[in-house]
Amino acid sequence: MIILGLFGVLVLNTFRSQSKQLSGVKKAGEIIISDSVITHLSDVIKLRTVSNSDPTMIDSAQFQKFTDYVAQAFPLVQNRLEMENVNTYALFYEWKGKNPSLKPVLLMGHFDVVPVIQGTERLWEHKPFDGEIANGFVYGRGTLDDKTTVIGVLEAVEYLLKEGFQPERTFYLAFGHDEEVLGKYGAKEIASILAKRKVELEYVLDEGGMIKQDGIEGLKKPIAMVGVAEKGYVTLQLTATGEGGHSSMPPPQTSIGDLAEAIDRLQKHPFPYRLEGAAAYMLDYLGPEMPFANKMAMANRWLMKPVIISSLSKSNSGSAMLHTTTAPTILDAGLKENVLPIDATAKINFRILPGDSVAGVIKYVKKVIKNDSIKVDIVGESGTDPSFISDTTSLGFRMIHTTIKSCFPDVLVAPYLVVGATDSRHFKNLSCNIYRFMPVRFTDEDIKRFHGTNERISIEDFKNVVRFYMELISRG
Ligand SMILES: [Zn+2]
């Protein structure tokens, strides 16, 4: 009887779980997007705007060429919008809306790129900085991350200006030149300009999510993952110190042994899994779209949580959504094979789940390694705490959701936790609605091209990016 009752509850909950997908959204009208958008993208890929945390290693002429190119290729944007160069290279525009009582929107991206790892150039089918167009793709560093967003937004605005369009609300466009090295001079500075002007933003849209073309386990439909939160970041250095001396008379454990033991303990005691926040929102959106058995599990999380966590955590990407991750990345110890080491150090990178904090990570690490003689220090200035979780009932989320449905009718929309870091974190005091999404279709195979080899975007996908921003802006 009890079993039957339980089954009844499970089934009832399953039927109660309603789709959260917006329905009845009109398909975006057909617009011929000129091939000049592809030429523009290919041209800017040729500019080697490579970031470096050492400012003396930056080829500033390339950044200058980029801003000059934008001014010349987008004449209406240049002449009709108010433009400021922030810290010389970052581009910041204001497109005044008709209705000053509406809160403005900020569309953002970055045009610096990561370097190509030396020795891997030969693995590229088309050279990383030639902007070659081949087999329906534009190849090169920045075609995904993130010149696509910058040029895509500019193309959309230029097109709408040509049509004589003026948005209801003001749009700001912010394109940083140092996102890959933390965005201190680009996005951070633009955020402080807006803060000084006491601007409150309706919503912010940055890179971060994408359309996962091959779906997820149990749901093989394309899914537009819209980042509603992002993880924090901290690297800790662990230092074990020994007395040194000749290796013929060693103590029972050297500093290397102490350090190895600490790392081993950290790997064996990962941060606990938690199915909550952005990851839980994602399941709220995807559960109702799944086949009955999966849908039943998602609708009855009060009972099925451990099963869902165990299934999601099987993949590294799923596991990253559920806890603060621990990744030992650099080891340094010992000078000579017959000399006992003094300092042995390890750098360990943590990506912090919303709800945890930099301070919490340090506390946890000290508790797990159980060795007071090992020093624990933050690497760099400080870590970054995770973001807050943006609302999925806001106007901004609804606009993005509607625009996705109108441009990509076959796609499901879901909130998502961005496991990397984006420049949008600098805007946390200017809006409580920060979203991270790039309207490009990716397979698992394509994701490796990010910061990797053979980065590319198809001509069709890039035209869809332009189309998406046109649609989003014209919805106001
Ligand atoms: Zn990026």
# chains A, B, ... in the order shown; residues from 1 in each chain; ligands from 1

call {"tool": "residues_around", "arguments": {"residues": "Gly215 (chain A)", "least_positions_apart": "4", "cutoff": "12 Å", "atoms": "only C-alpha atoms", "output": "ChimeraX atom specification"}}
result
/A:210-211,219-225,286,289-290,410-414,441-444

call {"tool": "write_last_selection", "arguments": {"atoms": "C-alpha atoms", "output": "PDB file, in the first residue's frame"}}
result
ATOM      1  CA  MET A 210      26.280  28.439 -25.841  1.00  0.00           C
ATOM      2  CA  ILE A 211      23.969  26.126 -27.770  1.00  0.00           C
ATOM      3  CA  LEU A 219      17.998  14.549 -23.780  1.00  0.00           C
ATOM      4  CA  LYS A 220      19.440  14.603 -27.240  1.00  0.00           C
ATOM      5  CA  LYS A 221      18.073  17.944 -28.367  1.00  0.00           C
ATOM      6  CA  PRO A 222      20.068  21.153 -28.881  1.00  0.00           C
ATOM      7  CA  ILE A 223      20.065  23.161 -25.649  1.00  0.00           C
ATOM      8  CA  ALA A 224      20.813  26.877 -25.332  1.00  0.00           C
ATOM      9  CA  MET A 225      22.673  27.127 -22.037  1.00  0.00           C
ATOM     10  CA  LEU A 286      15.227  20.367 -18.844  1.00  0.00           C
ATOM     11  CA  GLU A 289      11.415  17.905 -21.709  1.00  0.00           C
ATOM     12  CA  MET A 290      12.922  14.500 -20.908  1.00  0.00           C
ATOM     13  CA  ASP A 410      14.464  23.795 -32.561  1.00  0.00           C
ATOM     14  CA  VAL A 411      16.422  24.678 -29.434  1.00  0.00           C
ATOM     15  CA  LEU A 412      15.495  24.214 -25.738  1.00  0.00           C
ATOM     16  CA  VAL A 413      16.515  26.964 -23.317  1.00  0.00           C
ATOM     17  CA  ALA A 414      18.025  26.280 -19.894  1.00  0.00           C
ATOM     18  CA  ARG A 441      25.962  25.831 -31.849  1.00  0.00           C
ATOM     19  CA  PHE A 442      28.656  23.570 -30.394  1.00  0.00           C
ATOM     20  CA  THR A 443      29.233  19.854 -30.195  1.00  0.00           C
ATOM     21  CA  ASP A 444      31.456  18.308 -27.508  1.00  0.00           C
TER      22      ASP A 444
END

call {"tool": "residues_near_ligand", "arguments": {"ligand": "ligand 1", "cutoff": "12 Å", "atoms": "only C-alpha atoms and all ligand atoms", "output": "PyMOL selection string"}}
result
chain A and resi 51+108-114+141-150+175-183+206-209+418+420-424+436-438+450-451

call {"tool": "closest_residue", "arguments": {"among": "A:Ser458, A:Ser53, A:Ser319, A:Ser311", "to": "Gly218 (chain A)", "atoms": "only C-alpha atoms"}}
result
A:Ser311

call {"tool": "closest_residue", "arguments": {"among": "A:Lys96, A:Lys127, A:Lys370, A:Arg274", "to": "Asn454 (chain A)", "atoms": "only C-alpha atoms"}}
result
A:Lys127

call {"tool": "atom_distance", "arguments": {"atom1": "CA of Thr49 (chain A)", "atom2": "CA of Thr329 (chain A)"}}
result
26.8 Å

call {"tool": "atom_distance", "arguments": {"atom1": "CA of Ala71 (chain A)", "atom2": "CA of Val153 (chain A)"}}
result
14.0 Å

call {"tool": "select_by_dssp", "arguments": {"residues": "region 353-431 of chain A", "states": "alpha helix (DSSP H)", "output": "PyMOL selection string"}}
result
chain A and resi 358-369+395-407

call {"tool": "atom_distance", "arguments": {"atom1": "CA of Glu94 (chain A)", "atom2": "CA of Arg398 (chain A)"}}
result
23.0 Å

call {"tool": "residues_around", "arguments": {"residues": "region 305-309 of chain A", "least_positions_apart": "5", "cutoff": "9 Å", "atoms": "only C-alpha atoms", "output": "list in words"}}
result
Tyr273, Arg274, Leu275, Ala297, Met298, Asn300, Lys314, Gly318, Ser319 and Leu322 of chain A

call {"tool": "closest_residue", "arguments": {"among": "A:Arg467, A:Lys448, A:Lys375, A:Arg351", "to": "Val234 (chain A)", "atoms": "only C-alpha atoms"}}
result
A:Arg351

call {"tool": "select_by_dssp", "arguments": {"residues": "region 112-235 of chain A", "states": "strand (DSSP E or B)", "output": "ChimeraX atom specification"}}
result
/A:113,133-134,137-139,171-176,203-206,211-212,216,219,223-230,232-235

call {"tool": "residues_around", "arguments": {"residues": "Glu202 (chain A)", "least_positions_apart": "3", "cutoff": "12 Å", "atoms": "only C-alpha atoms", "output": "list in words"}}
result
Ser101, Leu102, Lys103, Pro104, Val105, Leu106, Leu107, Arg169, Thr170, Phe171, Tyr172, Val199, Leu205, Ser390, Asp391, Ser394, Leu395, Gly396, Phe397, Arg398, Met399, Phe427, Leu430, Ser431, Cys432, Asn433, Ile434, Tyr435 and Gly476 of chain A

call {"tool": "write_last_selection", "arguments": {"atoms": "N, CA and C atoms", "output": "short mmCIF file (atom, residue, chain, number, x, y, z; two decimals), in the first residue's frame"}}
result
data_model
loop_
_atom_site.label_atom_id
_atom_site.label_comp_id
_atom_site.auth_asym_id
_atom_site.auth_seq_id
_atom_site.Cartn_x
_atom_site.Cartn_y
_atom_site.Cartn_z
N SER A 101 13.30 56.72 -19.34
CA SER A 101 12.86 56.16 -18.06
C SER A 101 13.13 54.65 -17.97
N LEU A 102 13.48 54.04 -19.11
CA LEU A 102 13.79 52.59 -19.07
C LEU A 102 15.25 52.38 -18.71
N LYS A 103 15.50 51.33 -17.93
CA LYS A 103 16.90 51.04 -17.56
C LYS A 103 17.65 50.52 -18.78
N PRO A 104 18.91 50.94 -18.95
CA PRO A 104 19.68 50.49 -20.12
C PRO A 104 20.13 49.02 -20.02
N VAL A 105 20.53 48.51 -21.19
CA VAL A 105 21.07 47.15 -21.30
C VAL A 105 22.55 47.26 -21.67
N LEU A 106 23.34 46.33 -21.20
CA LEU A 106 24.76 46.30 -21.59
C LEU A 106 25.06 45.00 -22.34
N LEU A 107 25.55 45.14 -23.57
CA LEU A 107 26.02 43.98 -24.33
C LEU A 107 27.54 44.02 -24.31
N ARG A 169 15.04 51.47 -25.21
CA ARG A 169 15.94 51.70 -24.07
C ARG A 169 17.36 51.90 -24.58
N THR A 170 18.16 52.55 -23.77
CA THR A 170 19.57 52.77 -24.14
C THR A 170 20.33 51.45 -24.12
N PHE A 171 21.19 51.26 -25.09
CA PHE A 171 22.10 50.10 -25.11
C PHE A 171 23.53 50.60 -24.95
N TYR A 172 24.23 49.99 -24.02
CA TYR A 172 25.68 50.21 -23.94
C TYR A 172 26.36 48.99 -24.56
N VAL A 199 24.63 54.55 -13.10
CA VAL A 199 23.77 53.82 -14.04
C VAL A 199 23.35 52.49 -13.42
N LEU A 205 24.54 41.17 -20.89
CA LEU A 205 24.75 39.92 -21.62
C LEU A 205 26.21 39.84 -22.06
N SER A 390 21.57 34.91 -11.09
CA SER A 390 20.59 35.85 -11.67
C SER A 390 19.24 35.18 -11.82
N ASP A 391 18.25 36.03 -11.79
CA ASP A 391 16.86 35.59 -11.82
C ASP A 391 16.47 35.05 -13.20
N SER A 394 13.32 37.40 -14.75
CA SER A 394 13.53 38.82 -15.07
C SER A 394 13.19 39.12 -16.53
N LEU A 395 13.06 40.41 -16.81
CA LEU A 395 12.83 40.83 -18.19
C LEU A 395 13.99 40.40 -19.10
N GLY A 396 15.21 40.55 -18.58
CA GLY A 396 16.40 40.20 -19.37
C GLY A 396 16.40 38.74 -19.78
N PHE A 397 16.14 37.84 -18.82
CA PHE A 397 16.13 36.41 -19.15
C PHE A 397 15.03 36.11 -20.17
N ARG A 398 13.88 36.75 -19.96
CA ARG A 398 12.76 36.53 -20.89
C ARG A 398 13.11 37.00 -22.30
N MET A 399 13.78 38.16 -22.39
CA MET A 399 14.20 38.68 -23.70
C MET A 399 15.14 37.70 -24.40
N PHE A 427 30.61 43.66 -13.34
CA PHE A 427 29.38 44.46 -13.37
C PHE A 427 28.38 44.07 -12.28
N LEU A 430 26.16 46.63 -10.75
CA LEU A 430 25.38 47.50 -11.64
C LEU A 430 24.07 46.86 -12.07
N SER A 431 23.94 45.55 -11.85
CA SER A 431 22.69 44.88 -12.23
C SER A 431 22.59 43.56 -11.48
N CYS A 432 21.35 43.17 -11.12
CA CYS A 432 21.24 41.83 -10.52
C CYS A 432 20.84 40.81 -11.57
N ASN A 433 20.83 41.24 -12.85
CA ASN A 433 20.47 40.32 -13.93
C ASN A 433 21.64 40.22 -14.92
N ILE A 434 22.55 39.30 -14.64
CA ILE A 434 23.72 39.14 -15.51
C ILE A 434 23.64 37.77 -16.18
N TYR A 435 23.68 37.75 -17.51
CA TYR A 435 23.56 36.50 -18.27
C TYR A 435 24.77 36.31 -19.16
N GLY A 476 14.08 45.46 -27.81
CA GLY A 476 14.18 46.57 -26.85
C GLY A 476 14.59 46.17 -25.47
#

call {"tool": "decode", "arguments": {"residues": "region 74-99 of chain A", "atoms": "N, CA and C atoms", "output": "compact mmCIF listing (two decimals), in the first residue's frame"}}
result
# COMPACT_ATOMS: atom_id res chain seq x y z
N PHE A 74 32.65 50.10 -39.38
CA PHE A 74 31.30 50.35 -38.85
C PHE A 74 31.05 51.85 -38.73
N PRO A 75 30.94 52.53 -39.90
CA PRO A 75 30.88 54.00 -39.88
C PRO A 75 29.66 54.56 -39.13
N LEU A 76 28.52 53.87 -39.21
CA LEU A 76 27.34 54.42 -38.53
C LEU A 76 27.49 54.28 -37.02
N VAL A 77 28.03 53.16 -36.59
CA VAL A 77 28.27 52.97 -35.15
C VAL A 77 29.22 54.07 -34.68
N GLN A 78 30.24 54.31 -35.48
CA GLN A 78 31.27 55.30 -35.14
C GLN A 78 30.68 56.71 -35.03
N ASN A 79 29.77 57.03 -35.96
CA ASN A 79 29.27 58.42 -36.00
C ASN A 79 28.03 58.68 -35.17
N ARG A 80 27.19 57.67 -35.03
CA ARG A 80 25.90 57.95 -34.36
C ARG A 80 25.90 57.59 -32.87
N LEU A 81 26.79 56.68 -32.47
CA LEU A 81 26.81 56.32 -31.05
C LEU A 81 27.88 57.15 -30.34
N GLU A 82 27.68 57.37 -29.04
CA GLU A 82 28.75 58.04 -28.30
C GLU A 82 29.80 57.01 -27.97
N MET A 83 31.05 57.35 -28.28
CA MET A 83 32.11 56.35 -28.12
C MET A 83 33.22 56.88 -27.23
N GLU A 84 33.71 56.01 -26.35
CA GLU A 84 34.87 56.37 -25.53
C GLU A 84 35.89 55.25 -25.65
N ASN A 85 37.16 55.62 -25.76
CA ASN A 85 38.21 54.62 -25.63
C ASN A 85 38.62 54.60 -24.17
N VAL A 86 38.50 53.47 -23.54
CA VAL A 86 38.81 53.38 -22.12
C VAL A 86 40.19 52.72 -21.98
N ASN A 87 41.06 53.34 -21.23
CA ASN A 87 42.45 52.88 -21.14
C ASN A 87 43.00 52.56 -22.55
N THR A 88 42.84 53.51 -23.43
CA THR A 88 43.33 53.50 -24.82
C THR A 88 42.60 52.54 -25.76
N TYR A 89 42.44 51.28 -25.37
CA TYR A 89 41.95 50.31 -26.36
C TYR A 89 40.54 49.78 -26.16
N ALA A 90 40.09 49.71 -24.90
CA ALA A 90 38.75 49.14 -24.70
C ALA A 90 37.73 50.06 -25.37
N LEU A 91 36.69 49.46 -25.97
CA LEU A 91 35.69 50.23 -26.71
C LEU A 91 34.39 50.27 -25.91
N PHE A 92 33.90 51.48 -25.72
CA PHE A 92 32.70 51.65 -24.90
C PHE A 92 31.76 52.61 -25.63
N TYR A 93 30.57 52.12 -25.99
CA TYR A 93 29.61 52.91 -26.76
C TYR A 93 28.31 53.09 -25.99
N GLU A 94 27.68 54.21 -26.25
CA GLU A 94 26.33 54.41 -25.71
C GLU A 94 25.39 54.72 -26.88
N TRP A 95 24.34 53.90 -27.00
CA TRP A 95 23.33 54.13 -28.05
C TRP A 95 22.07 54.57 -27.31
N LYS A 96 21.80 55.85 -27.37
CA LYS A 96 20.70 56.40 -26.57
C LYS A 96 19.35 55.88 -27.07
N GLY A 97 18.51 55.45 -26.11
CA GLY A 97 17.17 54.97 -26.45
C GLY A 97 16.18 56.13 -26.46
N LYS A 98 14.98 55.83 -26.96
CA LYS A 98 13.95 56.87 -27.05
C LYS A 98 13.38 57.19 -25.67
N ASN A 99 13.39 56.16 -24.80
CA ASN A 99 12.69 56.33 -23.53
C ASN A 99 13.67 56.33 -22.35
